[in-house]
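With TSV, C-alpha atoms inside, this is model_8.tsv:
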chain	number	residue	atom	x	y	z
Y	985	MET	CA	-82.71	102.90	-67.68
Y	986	THR	CA	-84.80	101.99	-64.62
Y	987	ALA	CA	-83.77	98.34	-64.86
Y	988	TYR	CA	-80.12	99.42	-65.09
Y	989	MET	CA	-80.50	101.57	-61.96
Y	990	GLU	CA	-82.02	98.65	-60.01
Y	991	LYS	CA	-79.22	96.33	-60.99
Y	992	TYR	CA	-76.44	98.88	-60.48
Y	993	PRO	CA	-77.54	101.42	-57.81
Y	994	ARG	CA	-75.63	104.69	-57.64
Y	995	ARG	CA	-73.44	105.75	-54.73
Y	996	ASN	CA	-72.24	109.36	-54.74
Y	997	GLY	CA	-73.33	109.59	-58.32
Y	998	VAL	CA	-71.34	106.49	-59.38
Y	999	ALA	CA	-73.10	103.27	-60.43
Y	1000	THR	CA	-72.22	100.32	-58.17
Y	1001	LYS	CA	-72.89	96.63	-58.69
Y	1002	LYS	CA	-75.41	95.05	-56.27
Y	1003	PRO	CA	-73.66	92.45	-54.01
Y	1004	GLY	CA	-74.23	88.81	-55.05
Y	1005	PHE	CA	-76.38	86.37	-53.05
Y	1006	TRP	CA	-73.50	84.62	-51.26
Y	1007	LYS	CA	-71.83	87.88	-50.27
Y	1008	ARG	CA	-75.12	89.18	-48.88
Y	1009	LEU	CA	-75.57	85.90	-46.99
Y	1010	VAL	CA	-72.09	86.09	-45.48
Y	1011	LYS	CA	-72.59	89.73	-44.48
Y	1012	GLY	CA	-75.92	88.80	-42.93
Y	1013	VAL	CA	-74.31	86.16	-40.71
Y	1014	ILE	CA	-70.75	87.27	-39.98
Y	1015	PRO	CA	-69.99	90.52	-38.13
Y	1016	TRP	CA	-69.09	93.11	-40.78
Y	1017	LYS	CA	-67.50	96.54	-40.83
Y	1018	GLY	CA	-70.17	99.10	-40.17
Y	1019	ASP	CA	-72.46	96.75	-38.22
Y	1020	SER	CA	-74.09	98.17	-35.11
Y	1021	ALA	CA	-73.23	96.65	-31.73
Y	1022	ALA	CA	-76.65	94.99	-31.60
Y	1023	ALA	CA	-76.12	93.43	-35.04
Y	1024	VAL	CA	-72.71	92.07	-34.01
Y	1025	VAL	CA	-74.16	90.49	-30.85
Y	1026	ARG	CA	-77.04	88.99	-32.83
Y	1027	LYS	CA	-74.68	87.48	-35.40
Y	1028	LEU	CA	-72.35	86.08	-32.71
Y	1029	ILE	CA	-75.28	84.42	-30.95
Y	1030	PHE	CA	-76.41	82.92	-34.25
Y	1031	ILE	CA	-72.89	81.59	-34.99
Y	1032	ILE	CA	-72.59	80.00	-31.54
Y	1033	ALA	CA	-76.03	78.40	-31.88
Y	1034	LEU	CA	-75.11	77.08	-35.33
Y	1035	ILE	CA	-71.88	75.55	-34.03
Y	1036	VAL	CA	-73.73	73.86	-31.16
Y	1037	PHE	CA	-76.37	72.56	-33.56
Y	1038	LEU	CA	-73.81	71.15	-35.99
Y	1039	ALA	CA	-71.81	69.60	-33.15
Y	1040	THR	CA	-74.97	67.74	-32.14
Y	1041	ALA	CA	-76.56	67.06	-35.51
Y	1042	VAL	CA	-73.54	65.83	-37.43
Y	1043	PRO	CA	-72.73	62.93	-35.03
Y	1044	LEU	CA	-76.45	62.08	-34.84
Y	1045	VAL	CA	-76.83	61.95	-38.61
Y	1046	SER	CA	-73.61	59.96	-38.82
Y	1047	ASP	CA	-74.89	57.46	-36.24
Y	1048	ILE	CA	-78.21	57.05	-38.06
Y	1049	PHE	CA	-76.38	56.48	-41.34
Y	1050	LEU	CA	-74.16	53.84	-39.72
Y	1051	MET	CA	-77.18	52.07	-38.19
Y	1052	PHE	CA	-78.90	51.82	-41.55
Y	1053	ARG	CA	-75.64	50.71	-43.15
Y	1054	ASP	CA	-75.38	47.93	-40.56
Y	1055	GLN	CA	-78.93	46.83	-41.30
Y	1056	TRP	CA	-78.26	46.85	-45.04
Y	1057	ARG	CA	-75.24	44.60	-44.52
Y	1058	SER	CA	-77.31	42.29	-42.32
Y	1059	GLN	CA	-80.02	42.00	-44.94
Y	1060	GLY	CA	-77.37	40.79	-47.34
Y	1061	ILE	CA	-76.47	38.05	-44.85
Y	1062	SER	CA	-80.12	36.99	-44.55
Y	1063	ASN	CA	-80.08	36.24	-48.27
Y	1064	ILE	CA	-77.17	33.86	-47.71
Y	1065	TYR	CA	-78.92	31.74	-45.07
Y	1066	ILE	CA	-81.65	29.41	-46.31
Y	1067	PRO	CA	-83.03	26.97	-43.69
Y	1068	ASP	CA	-82.95	23.29	-44.55
Y	1069	GLY	CA	-86.48	22.66	-43.32
Y	1070	ASN	CA	-85.17	19.86	-41.12
Y	1071	THR	CA	-87.77	19.07	-38.45
Y	1072	GLU	CA	-86.46	15.64	-37.48
Y	1073	GLY	CA	-84.70	16.85	-34.34
Y	1074	PRO	CA	-81.05	17.48	-33.53
Y	1075	SER	CA	-78.40	16.39	-35.97
Y	1076	LYS	CA	-74.94	15.10	-35.13
Y	1077	GLU	CA	-73.59	17.07	-38.07
Y	1078	ILE	CA	-73.67	20.80	-38.74
Y	1079	LEU	CA	-76.67	21.60	-40.93
Y	1080	PRO	CA	-75.76	22.40	-44.57
Y	1081	SER	CA	-77.66	25.71	-44.35
Y	1082	PHE	CA	-74.89	27.11	-42.12
Y	1083	LYS	CA	-72.02	26.28	-44.48
Y	1084	ASN	CA	-71.88	29.71	-46.15
Y	1085	LEU	CA	-72.24	31.60	-42.88
Y	1086	LEU	CA	-69.45	29.61	-41.23
Y	1087	GLU	CA	-67.17	30.36	-44.16
Y	1088	ILE	CA	-67.71	34.07	-43.55
Y	1089	ASN	CA	-67.56	33.86	-39.76
Y	1090	PRO	CA	-66.55	30.67	-37.90
Y	1091	ASP	CA	-68.08	32.15	-34.71
Y	1092	THR	CA	-71.59	31.45	-36.10
Y	1093	VAL	CA	-73.73	29.35	-33.74
Y	1094	GLY	CA	-77.26	29.94	-35.02
Y	1095	TYR	CA	-79.82	32.06	-36.79
Y	1096	ILE	CA	-82.79	33.94	-35.29
Y	1097	LYS	CA	-85.92	35.23	-36.99
Y	1098	ILE	CA	-89.23	36.60	-35.76
Y	1099	GLU	CA	-91.60	36.63	-38.70
Y	1100	GLY	CA	-92.91	40.08	-39.62
Y	1101	THR	CA	-90.21	41.98	-37.70
Y	1102	GLN	CA	-86.70	43.32	-38.31
Y	1103	ILE	CA	-85.23	40.39	-36.38
Y	1104	ASP	CA	-83.64	38.24	-39.09
Y	1105	TYR	CA	-79.99	37.78	-38.15
Y	1106	PRO	CA	-77.20	35.25	-37.76
Y	1107	VAL	CA	-76.11	34.61	-34.18
Y	1108	VAL	CA	-72.45	34.54	-33.21
Y	1109	LYS	CA	-70.55	33.67	-30.04
Y	1110	GLY	CA	-67.23	35.35	-29.34
Y	1111	LYS	CA	-64.49	34.74	-26.82
Y	1112	ASP	CA	-66.18	37.22	-24.48
Y	1113	ASN	CA	-69.42	39.20	-24.24
Y	1114	ASP	CA	-67.81	42.45	-25.41
Y	1115	TYR	CA	-66.34	42.01	-28.88
Y	1116	TYR	CA	-69.60	41.62	-30.80
Y	1117	LEU	CA	-71.15	44.59	-29.05
Y	1118	THR	CA	-69.10	46.74	-31.42
Y	1119	HIS	CA	-68.38	44.42	-34.37
Y	1120	ASP	CA	-70.62	43.09	-37.09
Y	1121	PHE	CA	-70.88	39.62	-38.60
Y	1122	TYR	CA	-67.88	40.41	-40.84
Y	1123	LYS	CA	-65.87	41.38	-37.74
Y	1124	GLU	CA	-65.73	45.00	-38.81
Y	1125	PRO	CA	-66.37	47.89	-36.36
Y	1126	SER	CA	-70.10	48.50	-36.12
Y	1127	LYS	CA	-72.44	50.80	-34.23
Y	1128	SER	CA	-75.08	48.06	-34.13
Y	1129	GLY	CA	-72.83	45.15	-33.24
Y	1130	SER	CA	-74.20	41.65	-33.77
Y	1131	VAL	CA	-76.77	39.35	-32.23
Y	1132	MET	CA	-74.57	37.26	-29.99
Y	1133	MET	CA	-74.92	34.30	-27.67
Y	1134	ASP	CA	-73.64	34.53	-24.12
Y	1135	VAL	CA	-70.09	33.25	-24.04
Y	1136	ASN	CA	-70.96	30.77	-21.28
Y	1137	CYS	CA	-73.65	29.04	-23.34
Y	1138	LYS	CA	-72.84	26.04	-25.48
Y	1139	VAL	CA	-74.17	24.66	-28.75
Y	1140	THR	CA	-72.72	21.26	-29.62
Y	1141	ALA	CA	-73.63	18.07	-31.46
Y	1142	ASP	CA	-74.14	16.47	-28.06
Y	1143	GLY	CA	-76.56	19.10	-26.77
Y	1144	ASN	CA	-77.07	22.73	-25.83
Y	1145	SER	CA	-77.19	24.73	-22.62
Y	1146	GLY	CA	-80.58	24.56	-20.92
Y	1147	ASN	CA	-80.99	28.34	-21.22
Y	1148	LEU	CA	-79.55	29.84	-24.39
Y	1149	VAL	CA	-79.12	33.59	-23.85
Y	1150	LEU	CA	-78.90	35.95	-26.83
Y	1151	TYR	CA	-78.02	39.65	-26.71
Y	1152	GLY	CA	-78.78	42.36	-29.26
Y	1153	HIS	CA	-78.69	46.16	-29.24
Y	1154	ASN	CA	-81.92	48.17	-29.01
Y	1155	MET	CA	-81.15	50.46	-31.95
Y	1156	ALA	CA	-82.94	53.81	-32.21
Y	1157	VAL	CA	-83.81	53.21	-35.89
Y	1158	GLY	CA	-85.68	50.01	-35.02
Y	1159	THR	CA	-83.07	47.46	-36.04
Y	1160	PHE	CA	-81.57	44.42	-34.29
Y	1161	PHE	CA	-83.42	43.78	-30.97
Y	1162	ALA	CA	-85.27	47.12	-30.93
Y	1163	CYS	CA	-88.62	45.56	-31.80
Y	1164	LEU	CA	-88.55	43.51	-28.58
Y	1165	SER	CA	-89.58	46.76	-26.89
Y	1166	GLU	CA	-92.96	46.42	-28.58
Y	1167	TYR	CA	-93.70	43.26	-26.59
Y	1168	TRP	CA	-93.58	45.30	-23.39
Y	1169	ARG	CA	-94.96	48.60	-24.69
Y	1170	THR	CA	-98.18	47.11	-26.02
Y	1171	LEU	CA	-98.89	45.59	-22.62
Y	1172	TYR	CA	-99.52	49.14	-21.40
Y	1173	ASP	CA	-100.51	51.05	-24.52
Y	1174	SER	CA	-104.10	51.96	-23.60
Y	1175	TYR	CA	-105.88	53.55	-20.67
Y	1176	ASP	CA	-108.77	51.19	-21.32
Y	1177	GLY	CA	-106.64	48.07	-21.02
Y	1178	ALA	CA	-103.69	46.35	-22.59
Y	1179	SER	CA	-103.89	45.24	-26.19
Y	1180	ILE	CA	-100.92	42.84	-25.92
Y	1181	ARG	CA	-101.01	43.39	-29.67
Y	1182	PHE	CA	-97.37	42.71	-30.46
Y	1183	TYR	CA	-97.28	39.45	-28.52
Y	1184	LYS	CA	-100.50	38.28	-30.15
Y	1185	GLU	CA	-98.99	38.97	-33.58
Y	1186	HIS	CA	-95.63	37.36	-32.72
Y	1187	PRO	CA	-96.05	34.62	-30.07
Y	1188	THR	CA	-93.24	32.42	-31.42
Y	1189	ILE	CA	-89.59	32.74	-32.37
Y	1190	THR	CA	-87.60	30.81	-34.94
Y	1191	PHE	CA	-84.16	30.04	-33.60
Y	1192	ASN	CA	-82.03	27.51	-35.42
Y	1193	THR	CA	-78.72	26.30	-34.07
Y	1194	LEU	CA	-75.93	24.69	-36.06
Y	1195	TYR	CA	-77.49	21.30	-35.33
Y	1196	GLU	CA	-81.24	21.88	-35.17
Y	1197	GLU	CA	-84.06	23.97	-36.59
Y	1198	ALA	CA	-86.73	24.81	-34.02
Y	1199	GLU	CA	-89.65	27.03	-33.09
Y	1200	TRP	CA	-89.92	28.51	-29.62
Y	1201	LYS	CA	-93.07	29.63	-27.76
Y	1202	ILE	CA	-92.84	32.83	-25.72
Y	1203	PHE	CA	-93.98	32.33	-22.11
Y	1204	ALA	CA	-92.67	35.41	-20.27
Y	1205	ILE	CA	-91.63	39.03	-20.84
Y	1206	GLY	CA	-89.99	41.08	-18.09
Y	1207	LEU	CA	-87.84	44.05	-17.09
Y	1208	TYR	CA	-84.70	43.64	-15.01
Y	1209	ASN	CA	-82.53	46.05	-13.04
Y	1210	VAL	CA	-78.77	45.61	-13.41
Y	1211	ASP	CA	-77.56	48.33	-11.02
Y	1212	GLU	CA	-77.55	47.63	-7.27
Y	1213	ARG	CA	-78.09	51.33	-6.52
Y	1214	TYR	CA	-81.70	50.95	-7.63
Y	1215	GLY	CA	-82.56	47.77	-5.76
Y	1216	GLU	CA	-82.67	44.06	-6.48
Y	1217	VAL	CA	-80.46	42.77	-9.27
Y	1218	TYR	CA	-81.90	39.45	-10.41
Y	1219	SER	CA	-78.94	38.33	-12.49
Y	1220	ALA	CA	-80.04	34.71	-12.90
Y	1221	TYR	CA	-82.26	35.61	-15.85
Y	1222	ASN	CA	-79.20	35.80	-18.13
Y	1223	ASN	CA	-76.52	34.11	-16.01
Y	1224	LYS	CA	-78.33	30.83	-15.38
Y	1225	HIS	CA	-77.47	28.65	-18.36
Y	1226	ASP	CA	-77.91	25.11	-17.08
Y	1227	PHE	CA	-80.10	23.40	-14.49
Y	1228	THR	CA	-78.81	20.89	-11.98
Y	1229	SER	CA	-82.18	19.38	-11.02
Y	1230	ARG	CA	-85.95	19.60	-11.41
Y	1231	THR	CA	-86.12	21.83	-8.34
Y	1232	ASP	CA	-83.41	24.10	-9.74
Y	1233	PHE	CA	-85.35	24.45	-13.00
Y	1234	ASN	CA	-88.70	24.99	-11.23
Y	1235	ASN	CA	-87.26	27.73	-9.01
Y	1236	PHE	CA	-85.82	29.52	-12.04
Y	1237	ILE	CA	-89.15	29.47	-13.88
Y	1238	ILE	CA	-91.08	30.64	-10.79
Y	1239	ASP	CA	-88.67	33.55	-10.36
Y	1240	ILE	CA	-89.07	34.48	-14.04
Y	1241	MET	CA	-92.86	34.27	-13.92
Y	1242	ASP	CA	-93.06	36.38	-10.74
Y	1243	ARG	CA	-91.22	39.07	-12.72
Y	1244	SER	CA	-93.11	38.57	-15.97
Y	1245	ASP	CA	-95.47	41.28	-17.22
Y	1246	ILE	CA	-97.51	38.71	-19.10
Y	1247	PHE	CA	-99.13	35.33	-18.47
Y	1248	THR	CA	-99.51	33.23	-21.60
Y	1249	ASP	CA	-101.14	29.87	-22.27
Y	1250	VAL	CA	-97.74	28.23	-22.77
Y	1251	ASP	CA	-96.85	25.56	-20.21
Y	1252	ILE	CA	-93.30	24.70	-19.15
Y	1253	GLN	CA	-91.72	21.62	-17.65
Y	1254	TYR	CA	-88.35	20.39	-16.52
Y	1255	GLY	CA	-86.41	19.24	-19.55
Y	1256	ASP	CA	-87.65	22.03	-21.81
Y	1257	ASP	CA	-84.99	24.06	-23.58
Y	1258	ILE	CA	-85.24	27.79	-22.75
Y	1259	LEU	CA	-84.33	30.70	-25.01
Y	1260	THR	CA	-83.74	34.17	-23.55
Y	1261	LEU	CA	-83.50	37.34	-25.65
Y	1262	SER	CA	-82.03	40.31	-23.77
Y	1263	THR	CA	-81.65	43.96	-24.75
Y	1264	CYS	CA	-81.33	47.39	-23.13
Y	1265	TYR	CA	-84.68	49.00	-22.46
Y	1266	TRP	CA	-83.95	52.74	-22.48
Y	1267	PRO	CA	-87.59	53.67	-23.33
Y	1268	PHE	CA	-88.47	52.67	-19.74
Y	1269	ARG	CA	-86.59	55.71	-18.50
Y	1270	SER	CA	-84.43	57.66	-20.95
Y	1271	ASP	CA	-82.00	58.98	-18.31
Y	1272	MET	CA	-81.25	55.55	-16.86
Y	1273	ASP	CA	-79.15	52.75	-18.36
Y	1274	ASN	CA	-79.90	50.11	-15.76
Y	1275	VAL	CA	-82.96	48.41	-17.26
Y	1276	ARG	CA	-82.92	45.31	-19.44
Y	1277	LEU	CA	-85.85	43.79	-21.29
Y	1278	ALA	CA	-85.92	40.00	-21.59
Y	1279	VAL	CA	-88.21	37.76	-23.63
Y	1280	PHE	CA	-88.33	34.08	-22.64
Y	1281	ALA	CA	-89.44	31.19	-24.82
Y	1282	ARG	CA	-89.31	27.42	-24.63
Y	1283	LYS	CA	-88.67	25.09	-27.53
Y	1284	VAL	CA	-91.62	23.37	-29.17
Y	1285	ARG	CA	-91.54	19.74	-28.06
Y	1286	PRO	CA	-91.33	16.83	-30.50
Y	1287	GLY	CA	-94.78	16.18	-31.94
Y	1288	GLU	CA	-96.26	19.32	-30.37
Y	1289	SER	CA	-98.15	21.87	-32.45
Y	1290	GLU	CA	-96.53	25.28	-32.91
Y	1291	TYR	CA	-99.96	26.89	-32.37
Y	1292	VAL	CA	-100.41	29.22	-29.39
Y	1293	ASP	CA	-103.84	30.37	-28.19
Y	1294	VAL	CA	-102.93	34.03	-27.78
Y	1295	SER	CA	-106.46	34.92	-26.67
Y	1296	LYS	CA	-105.58	33.54	-23.23
Y	1297	ALA	CA	-102.65	35.90	-22.73
Y	1298	GLN	CA	-103.14	38.40	-19.92
Y	1299	VAL	CA	-101.16	41.13	-18.21
Y	1300	ASN	CA	-99.74	40.37	-14.79
Y	1301	THR	CA	-101.12	43.14	-12.61
Y	1302	TYR	CA	-98.81	42.34	-9.70
Y	1303	VAL	CA	-95.29	42.11	-11.10
Y	1304	LYS	CA	-92.23	41.75	-8.91
Y	1305	ARG	CA	-90.01	44.79	-9.59
Y	1306	TRP	CA	-87.15	46.46	-7.70
Y	1307	LYS	CA	-86.98	49.16	-5.03
Y	1308	TRP	CA	-86.60	52.18	-7.33
Y	1309	VAL	CA	-89.85	51.27	-9.11
Y	1310	TYR	CA	-91.70	50.82	-5.83
Y	1311	ASP	CA	-90.49	54.17	-4.51
Y	1312	ASN	CA	-90.81	56.30	-7.66
Y	1313	ILE	CA	-93.60	54.73	-9.69
Y	1314	GLY	CA	-95.49	52.36	-7.43
Y	1315	GLY	CA	-96.19	54.83	-4.66
Y	1316	GLY	CA	-94.17	52.85	-2.13
Y	1317	TYR	CA	-95.94	49.50	-2.53
Y	1318	ASP	CA	-93.91	46.32	-2.28
Y	1319	TRP	CA	-94.34	42.85	-3.72
Y	1320	SER	CA	-95.24	39.99	-1.39
Y	1321	GLN	CA	-96.64	36.99	-3.27
Y	1322	SER	CA	-96.77	35.18	-6.59
Y	1323	ASN	CA	-99.68	36.01	-8.87
Y	1324	TRP	CA	-99.10	33.14	-11.30
Y	1325	ASP	CA	-100.82	29.78	-11.16
Y	1326	ARG	CA	-97.99	27.31	-11.04
Y	1327	ARG	CA	-100.02	24.60	-12.76
Y	1328	LYS	CA	-98.52	25.98	-15.96
Y	1329	LEU	CA	-95.24	24.65	-14.60
Y	1330	LEU	CA	-95.98	20.98	-15.26
Y	1331	SER	CA	-93.00	19.74	-13.28
Y	1332	TYR	CA	-94.19	21.54	-10.13
Y	1333	THR	CA	-96.05	19.01	-8.03
Y	1334	GLU	CA	-98.46	19.25	-5.10
Y	1335	GLU	CA	-95.61	18.04	-2.90
Y	1336	ASP	CA	-93.50	20.95	-4.13
Y	1337	ALA	CA	-96.31	23.37	-3.38
Y	1338	GLU	CA	-96.79	21.99	0.11
Y	1339	LYS	CA	-93.08	22.31	0.81
Y	1340	ASP	CA	-93.13	25.93	-0.44
Y	1341	GLY	CA	-96.31	26.82	1.40
Y	1342	TYR	CA	-97.99	27.58	-1.92
Y	1343	THR	CA	-101.68	27.02	-2.66
Y	1344	PHE	CA	-102.71	26.30	-6.25
Y	1345	ILE	CA	-105.25	28.73	-7.64
Y	1346	ASP	CA	-108.55	27.12	-8.64
Y	1347	ASP	CA	-111.43	28.60	-10.61
Y	1348	ILE	CA	-110.27	32.21	-10.50
Y	1349	ASP	CA	-112.14	34.44	-12.92
Y	1350	ASP	CA	-110.10	35.66	-15.91
Y	1351	ASP	CA	-111.09	39.25	-15.15
Y	1352	GLU	CA	-108.82	39.12	-12.13
Y	1353	GLY	CA	-105.83	38.51	-14.36
Y	1354	ILE	CA	-105.35	34.81	-13.64
Y	1355	TYR	CA	-106.29	31.72	-15.60
Y	1356	ASP	CA	-109.31	29.50	-15.08
Y	1357	TYR	CA	-108.49	25.84	-14.45

Starting from the file, give its structure as structure tokens.
Amino acid sequence: MTAYMEKYPRRNGVATKKPGFWKRLVKGVIPWKGDSAAAVVRKLIFIIALIVFLATAVPLVSDIFLMFRDQWRSQGISNIYIPDGNTEGPSKEILPSFKNLLEINPDTVGYIKIEGTQIDYPVVKGKDNDYYLTHDFYKEPSKSGSVMMDVNCKVTADGNSGNLVLYGHNMAVGTFFACLSEYWRTLYDSYDGASIRFYKEHPTITFNTLYEEAEWKIFAIGLYNVDERYGEVYSAYNNKHDFTSRTDFNNFIIDIMDRSDIFTDVDIQYGDDILTLSTCYWPFRSDMDNVRLAVFARKVRPGESEYVDVSKAQVNTYVKRWKWVYDNIGGGYDWSQSNWDRRKLLSYTEEDAEKDGYTFIDDIDDDEGIYDY
């Protein structure tokens, strides 16, 4: 009898059935007849908060799902591409390893991989620099887009642009060019000093074009402003694709190194092929969309070892930035001189230095952030 009374409580002497779970839940959330004014207000506030939460969470979850879907599709492509292992230099014919990729997408111009990272993607070049921001390798709409080459660069059987520029999104789930952020972050990841960990683990890049398989040694990593409201816009880093002379090349490299957060043991000389990877760097300041992160590498020369002595890499403690950084982070300081020993630029001669009013650095202790020579 007691169990019956608990299940069917009496109201005015008549047994009534206890409301089910879902009805009790609805009555606990939605304003109901007999609710007090305070209860109605509380329920309305809860409903509004729930609507706001769902309006935010549903698109976010959808975006995350789409990002992972894009990565899953890309991993399928990576299984299609198998390098030929051709180390004999450029070919006059398209390498057989690209046959399957070109059948899927004729816009294919190369393949990029950084061992031990998420970067393992085909590279395409469209008719502009916009289409592949929102389309995948199969030319379907995509949140992640594709890794794409700047439309003004060229890859042909007769040669490539001197500076091949590749773009990729910095995806929040760590896909596409997101891991490039680790190159910069680990330069400043400790109060006791930089670990440069990510660079030391990944000092080279594999980038194969339709006509050549090659390794590339990273020599610079920098941040760039793209909005004139915040100061200098150094657009040459991704808009300079070919070099008209030795001086033109040297000036480009000096400008890059002045803005590089790292000095490596990799030398550069006129005639080297340059590879530039560019991505948005929103971790620098989450409320600003004007910062780009660029990683620069030069192709391993014929007969040269792919080995890089990463122990010699050091942080540049005097990087050339832009006005907003000086005013808001640097305490008003400004940049005035190069902090990089230009002997790493092998095509920069003493005559060049004299003309520029530059003095080569000799026997500077490594603790000061510059190489010994």

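Using all atoms listed in the file, the smallest distance between any of Y:Ile1088, Y:Leu1171, Y:Leu1150, Y:Val1275 and Leu1117 (chain Y) comes from Y:Leu1150.
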
Who sits within 9 Å of Glu1334 (chain Y), all atoms listed in the file, same chain under 4 positions skipped, as a list in words
Glu1338, Lys1339, Tyr1342, Thr1343 and Phe1344 of chain Y

Those residues with C-alpha atoms, as a compact mmCIF listing (two decimals), keeping the file's coordinate frame please?
# COMPACT_ATOMS: atom_id res chain seq x y z
CA GLU Y 1338 -96.79 21.99 0.11
CA LYS Y 1339 -93.08 22.31 0.81
CA TYR Y 1342 -97.99 27.58 -1.92
CA THR Y 1343 -101.68 27.02 -2.66
CA PHE Y 1344 -102.71 26.30 -6.25

Fewer than 6 positions away in the same chain doesn't count, so skip those; otherwise give me all residues within 8 Å of region 1095-1101 of chain Y, counting only C-alpha atoms, as a ChimeraX atom specification.
/Y:1107,1163,1186,1188-1193

Mind listing as a PyMOL selection string all residues within 12 Å of (-75.3, 19.2, -41.8), counting all atoms listed in the file?
chain Y and resi 1067-1070+1074-1084+1086+1141+1193-1197

Save the residues we just selected, C-alpha atoms, as a PDB file, in the coordinates of the input?
ATOM      1  CA  PRO Y1067     -83.030  26.970 -43.690  1.00  0.00           C
ATOM      2  CA  ASP Y1068     -82.950  23.290 -44.550  1.00  0.00           C
ATOM      3  CA  GLY Y1069     -86.480  22.660 -43.320  1.00  0.00           C
ATOM      4  CA  ASN Y1070     -85.170  19.860 -41.120  1.00  0.00           C
ATOM      5  CA  PRO Y1074     -81.050  17.480 -33.530  1.00  0.00           C
ATOM      6  CA  SER Y1075     -78.400  16.390 -35.970  1.00  0.00           C
ATOM      7  CA  LYS Y1076     -74.940  15.100 -35.130  1.00  0.00           C
ATOM      8  CA  GLU Y1077     -73.590  17.070 -38.070  1.00  0.00           C
ATOM      9  CA  ILE Y1078     -73.670  20.800 -38.740  1.00  0.00           C
ATOM     10  CA  LEU Y1079     -76.670  21.600 -40.930  1.00  0.00           C
ATOM     11  CA  PRO Y1080     -75.760  22.400 -44.570  1.00  0.00           C
ATOM     12  CA  SER Y1081     -77.660  25.710 -44.350  1.00  0.00           C
ATOM     13  CA  PHE Y1082     -74.890  27.110 -42.120  1.00  0.00           C
ATOM     14  CA  LYS Y1083     -72.020  26.280 -44.480  1.00  0.00           C
ATOM     15  CA  ASN Y1084     -71.880  29.710 -46.150  1.00  0.00           C
ATOM     16  CA  LEU Y1086     -69.450  29.610 -41.230  1.00  0.00           C
ATOM     17  CA  ALA Y1141     -73.630  18.070 -31.460  1.00  0.00           C
ATOM     18  CA  THR Y1193     -78.720  26.300 -34.070  1.00  0.00           C
ATOM     19  CA  LEU Y1194     -75.930  24.690 -36.060  1.00  0.00           C
ATOM     20  CA  TYR Y1195     -77.490  21.300 -35.330  1.00  0.00           C
ATOM     21  CA  GLU Y1196     -81.240  21.880 -35.170  1.00  0.00           C
ATOM     22  CA  GLU Y1197     -84.060  23.970 -36.590  1.00  0.00           C
TER      23      GLU Y1197
END

Give one line per residue of region 1207-1261 of chain Y that approaches region 1281-1288 of chain Y to at most 9 Å, naming the two atoms of the closest pair and their distance in Å to one decimal, counting all atoms listed in the file; sort by chain then ascending residue number and deliver it as a Markdown table.
| residue | atom | partner | partner_atom | distance |
| --- | --- | --- | --- | --- |
| Y:Val1250 | CA | Y:Arg1282 | CA | 8.7 |
| Y:Asp1251 | CA | Y:Arg1282 | CA | 8.9 |
| Y:Ile1252 | CA | Y:Arg1282 | CA | 7.3 |
| Y:Asp1256 | CA | Y:Arg1282 | CA | 6.3 |
| Y:Asp1257 | CA | Y:Lys1283 | CA | 5.5 |
| Y:Ile1258 | CA | Y:Arg1282 | CA | 4.5 |
| Y:Leu1259 | CA | Y:Ala1281 | CA | 5.1 |
| Y:Thr1260 | CA | Y:Ala1281 | CA | 6.6 |
| Y:Leu1261 | CA | Y:Ala1281 | CA | 8.6 |

Selection near Trp1306 (chain Y), 7 Å with all atoms listed in the file, sequence-local residues under 4 positions removed, as an MDAnalysis selection string:
chainID Y and resid 1215:1216 1310

For Tyr1214 (chain Y), work out the shell of residues within 10 Å, counting all atoms listed in the file and skipping chain neighbours fewer than 4 positions away, then give it as number ranges by chain.
Y: 1209-1210, 1274, 1306-1309, 1311

Compile the contact shell of Thr1248 (chain Y) as JSON, numbers by chain: residues with an atom at most 8 Å away, counting only C-alpha atoms, same-chain residues fewer than 4 positions apart removed.
{"Y": [1202, 1203, 1204, 1294, 1296, 1297, 1298]}

At what distance in Å, to one decimal, does CA of Ile1180 (chain Y) lie from CA of Tyr1221 (chain Y)?
22.4 Å

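Interatomic distance, CA of Gly1110 (chain Y) to CA of Glu1124 (chain Y): 13.6 Å.
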
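Straight-line separation from CA of Ala1278 (chain Y) to CA of Ile1061 (chain Y): 25.2 Å.
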
Which residue is closest to Phe1161 (chain Y)? Choose from Y:Ser1320, Y:Asp1273, Y:Gly1094, Y:Met1132 and count only C-alpha atoms.
Y:Met1132

With only C-alpha atoms as the atoms that count, which of Y:Glu1212, Y:Asp1104, Y:Glu1290, Y:Asp1114 lies nearest to Phe1160 (chain Y)?
Y:Asp1104
